[in-house]
>>> print(open('upload_15.cif').read())   # mmCIF, C-alpha atoms and all ligand atoms
data_upload
loop_
_atom_site.group_PDB
_atom_site.id
_atom_site.type_symbol
_atom_site.label_atom_id
_atom_site.label_comp_id
_atom_site.auth_asym_id
_atom_site.auth_seq_id
_atom_site.Cartn_x
_atom_site.Cartn_y
_atom_site.Cartn_z
ATOM 1 C CA MET A 1 0.000 0.000 0.000
ATOM 2 C CA SER A 2 1.183 3.500 -0.711
ATOM 3 C CA ASP A 3 0.994 6.390 1.720
ATOM 4 C CA LYS A 4 -1.733 8.123 -0.221
ATOM 5 C CA ASN A 5 -4.901 9.086 1.559
ATOM 6 C CA HIS A 6 -7.155 6.135 2.169
ATOM 7 C CA THR A 7 -10.849 6.717 1.745
ATOM 8 C CA CYS A 8 -13.847 4.625 2.665
ATOM 9 C CA PRO A 9 -15.394 2.873 -0.359
ATOM 10 C CA HIS A 10 -18.809 3.105 1.304
ATOM 11 C CA CYS A 11 -19.011 6.820 2.103
ATOM 12 C CA GLY A 12 -15.945 8.374 0.475
ATOM 13 C CA LYS A 13 -14.640 9.946 3.690
ATOM 14 C CA ASP A 14 -11.021 9.797 4.733
ATOM 15 C CA LEU A 15 -10.184 6.861 6.954
ATOM 16 C CA ALA A 16 -8.773 7.604 10.391
ATOM 17 C CA ALA A 17 -5.574 6.020 11.628
ATOM 18 C CA TRP A 18 -6.547 3.905 14.608
ATOM 19 C CA ASN A 19 -4.454 2.302 17.341
ATOM 20 C CA VAL A 20 -5.065 -1.417 17.586
ATOM 21 C CA PRO A 21 -5.768 -2.536 21.171
ATOM 22 C CA GLU A 22 -3.296 -5.032 22.531
ATOM 23 C CA MET A 23 -5.979 -7.687 22.787
ATOM 24 C CA ALA A 24 -6.522 -7.659 19.033
ATOM 25 C CA CYS A 25 -4.845 -10.381 17.074
ATOM 26 C CA TRP A 26 -3.783 -8.329 14.078
ATOM 27 C CA GLY A 27 -0.043 -8.193 13.655
ATOM 28 C CA THR A 28 -0.110 -4.537 12.762
ATOM 29 C CA ARG A 29 -0.340 -1.692 15.239
ATOM 30 C CA ILE A 30 -2.250 0.713 13.064
ATOM 31 C CA GLN A 31 -5.421 0.112 11.159
ATOM 32 C CA TYR A 32 -7.321 2.579 9.016
ATOM 33 C CA VAL A 33 -10.955 2.799 10.040
ATOM 34 C CA CYS A 34 -13.961 4.776 8.820
ATOM 35 C CA PHE A 35 -15.315 6.556 11.894
ATOM 36 C CA ASN A 36 -18.014 8.403 9.972
ATOM 37 C CA ASP A 37 -21.271 7.854 11.872
ATOM 38 C CA GLU A 38 -23.228 8.458 8.660
ATOM 39 C CA CYS A 39 -21.369 5.760 6.740
ATOM 40 C CA SER A 40 -23.767 3.285 5.120
ATOM 41 C CA TYR A 41 -21.538 0.390 6.112
ATOM 42 C CA PHE A 42 -21.907 1.423 9.740
ATOM 43 C CA THR A 43 -25.594 2.383 9.673
ATOM 44 C CA LYS A 44 -26.683 -0.779 7.865
ATOM 45 C CA GLY A 45 -24.586 -2.870 10.231
ATOM 46 C CA TRP A 46 -27.003 -2.241 13.093
ATOM 47 C CA GLU A 47 -29.884 -3.843 11.201
ATOM 48 C CA TRP A 48 -27.763 -6.674 9.925
ATOM 49 C CA MET A 49 -26.436 -7.592 13.352
ATOM 50 C CA ARG A 50 -29.902 -7.396 14.876
ATOM 51 C CA ASP A 51 -31.424 -9.595 12.189
ATOM 52 C CA LYS A 52 -28.633 -12.152 12.168
ATOM 53 C CA TYR A 53 -27.550 -12.294 15.782
ATOM 54 C CA GLU A 54 -30.176 -10.294 17.695
ATOM 55 C CA VAL A 55 -27.517 -8.125 19.240
ATOM 56 C CA LYS A 56 -27.183 -4.365 19.415
ATOM 57 C CA ALA A 57 -23.933 -3.894 17.598
ATOM 58 C CA SER A 58 -22.526 -2.829 14.293
ATOM 59 C CA TYR A 59 -19.188 -2.594 12.574
ATOM 60 C CA ARG A 60 -17.048 -0.070 10.793
ATOM 61 C CA TYR A 61 -15.042 -0.373 7.616
ATOM 62 C CA ARG A 62 -11.425 -1.293 8.388
ATOM 63 C CA LEU A 63 -8.373 -1.378 6.155
ATOM 64 C CA ASP A 64 -5.021 -2.882 7.072
ATOM 65 C CA PRO A 65 -2.457 -0.489 5.571
ATOM 66 C CA GLU A 66 0.265 -3.134 5.470
ATOM 67 C CA THR A 67 -1.558 -5.962 3.769
ATOM 68 C CA GLY A 68 -4.358 -4.060 2.056
ATOM 69 C CA GLU A 69 -6.807 -6.457 3.678
ATOM 70 C CA GLU A 70 -10.173 -4.948 4.501
ATOM 71 C CA GLY A 71 -12.938 -6.108 6.775
ATOM 72 C CA PRO A 72 -15.385 -5.183 9.505
ATOM 73 C CA LEU A 73 -14.350 -3.744 12.851
ATOM 74 C CA PRO A 74 -17.100 -4.670 15.338
ATOM 75 C CA VAL A 75 -18.419 -1.883 17.573
ATOM 76 C CA TRP A 76 -21.107 -1.877 20.232
ATOM 77 C CA SER A 77 -21.929 1.827 20.145
ATOM 78 C CA ALA A 78 -21.369 4.877 17.977
ATOM 79 C CA ASP A 79 -18.591 6.061 20.272
ATOM 80 C CA ALA A 80 -16.930 2.705 20.809
ATOM 81 C CA LEU A 81 -13.246 2.523 19.912
ATOM 82 C CA LYS A 82 -13.043 6.216 19.058
ATOM 83 C CA SER A 83 -10.510 6.709 21.832
ATOM 84 C CA GLY A 84 -8.045 4.817 19.658
ATOM 85 C CA ILE A 85 -8.166 7.362 16.849
ATOM 86 C CA ILE A 86 -4.788 8.903 16.189
ATOM 87 C CA GLU A 87 -5.110 12.634 15.672
ATOM 88 C CA ASN A 88 -3.973 13.798 12.294
ATOM 89 C CA GLN A 89 -0.896 15.855 13.034
ATOM 90 C CA GLU A 90 -1.259 17.898 9.885
ATOM 91 C CA LYS A 91 -4.623 19.332 10.900
ATOM 92 C CA LYS A 92 -4.778 22.097 13.455
HETATM 93 ZN ZN ZN A 101 -17.363 4.980 5.523
#
>>> encode(input="upload_15.cif", output="structure tokens", more="lines below")
Ligand SMILES: [Zn+2]
Amino acid sequence: MSDKNHTCPHCGKDLAAWNVPEMACWGTRIQYVCFNDECSYFTKGWEWMRDKYEVKASYRYRLDPETGEEGPLPVWSADALKSGIIENQEKK
């Protein structure tokens, strides 16, 4: 993967660099995640999880910058995991 800006294929917003918790099994420390609360991937996830598993949860779009692998990042609320977002140093 290059260091170009990564955008979410579902909503077109820039992905946020996100610190992987130590409990996660990914080998990489940083994942790129769409933290847009309006993202269709995220908003549709609530219905999907309720219908399939009868749980109140959803997931966000995740991209592994090292492997290019993408997949869902499970969340249990709109604010879950946001504490792991790495602030973009270039923005003020
Ligand atoms: Zn998105």
>>> atom_distance(input="upload_15.cif", atom1="atom CA of A:Lys13", atom2="atom CA of A:Arg50")
25.7 Å
>>> residues_around(input="upload_15.cif", residues="A:Ser77", least_positions_apart="5", cutoff="10 Å", atoms="all atoms listed in the file", output="list in words")
Trp46, Lys56, Ala57, Ser58, Tyr59 and Lys82 of chain A
>>> resolve_selection(input="upload_15.cif", expression="the PyMOL selection byres (((not hetatm)) within 7 of (chain A and resi 101))", output="MDAnalysis selection string")
chainID A and resid 8:13 34:36 39:41 61
>>> atom_distance(input="upload_15.cif", atom1="atom CA of A:Ala17", atom2="atom CA of A:Pro74")
16.2 Å
>>> closest_residue(input="upload_15.cif", among="A:Thr7, A:Tyr53, A:Glu47, A:Ala80", to="A:Pro65", atoms="all atoms listed in the file")
A:Thr7
>>> closest_residue(input="upload_15.cif", among="A:Trp76, A:Glu69, A:Trp48, A:Glu54", to="A:Tyr32", atoms="only C-alpha atoms")
A:Glu69
>>> resolve_selection(input="upload_15.cif", expression="the PyMOL selection byres (((chain A and resi 29) around 7) and not hetatm)", output="list in words")
Asn19, Val20, Gly27, Thr28, Ile30 and Gln31 of chain A
>>> closest_residue(input="upload_15.cif", among="A:Glu87, A:Gly45, A:Lys52, A:Asn5", to="A:Leu73", atoms="only C-alpha atoms")
A:Gly45
>>> atom_distance(input="upload_15.cif", atom1="atom CA of A:Asp79", atom2="atom CA of A:Arg60")
11.4 Å
>>> closest_residue(input="upload_15.cif", among="A:Ala16, A:Val33, A:Phe42, A:Glu22", to="A:Leu63", atoms="only C-alpha atoms")
A:Val33
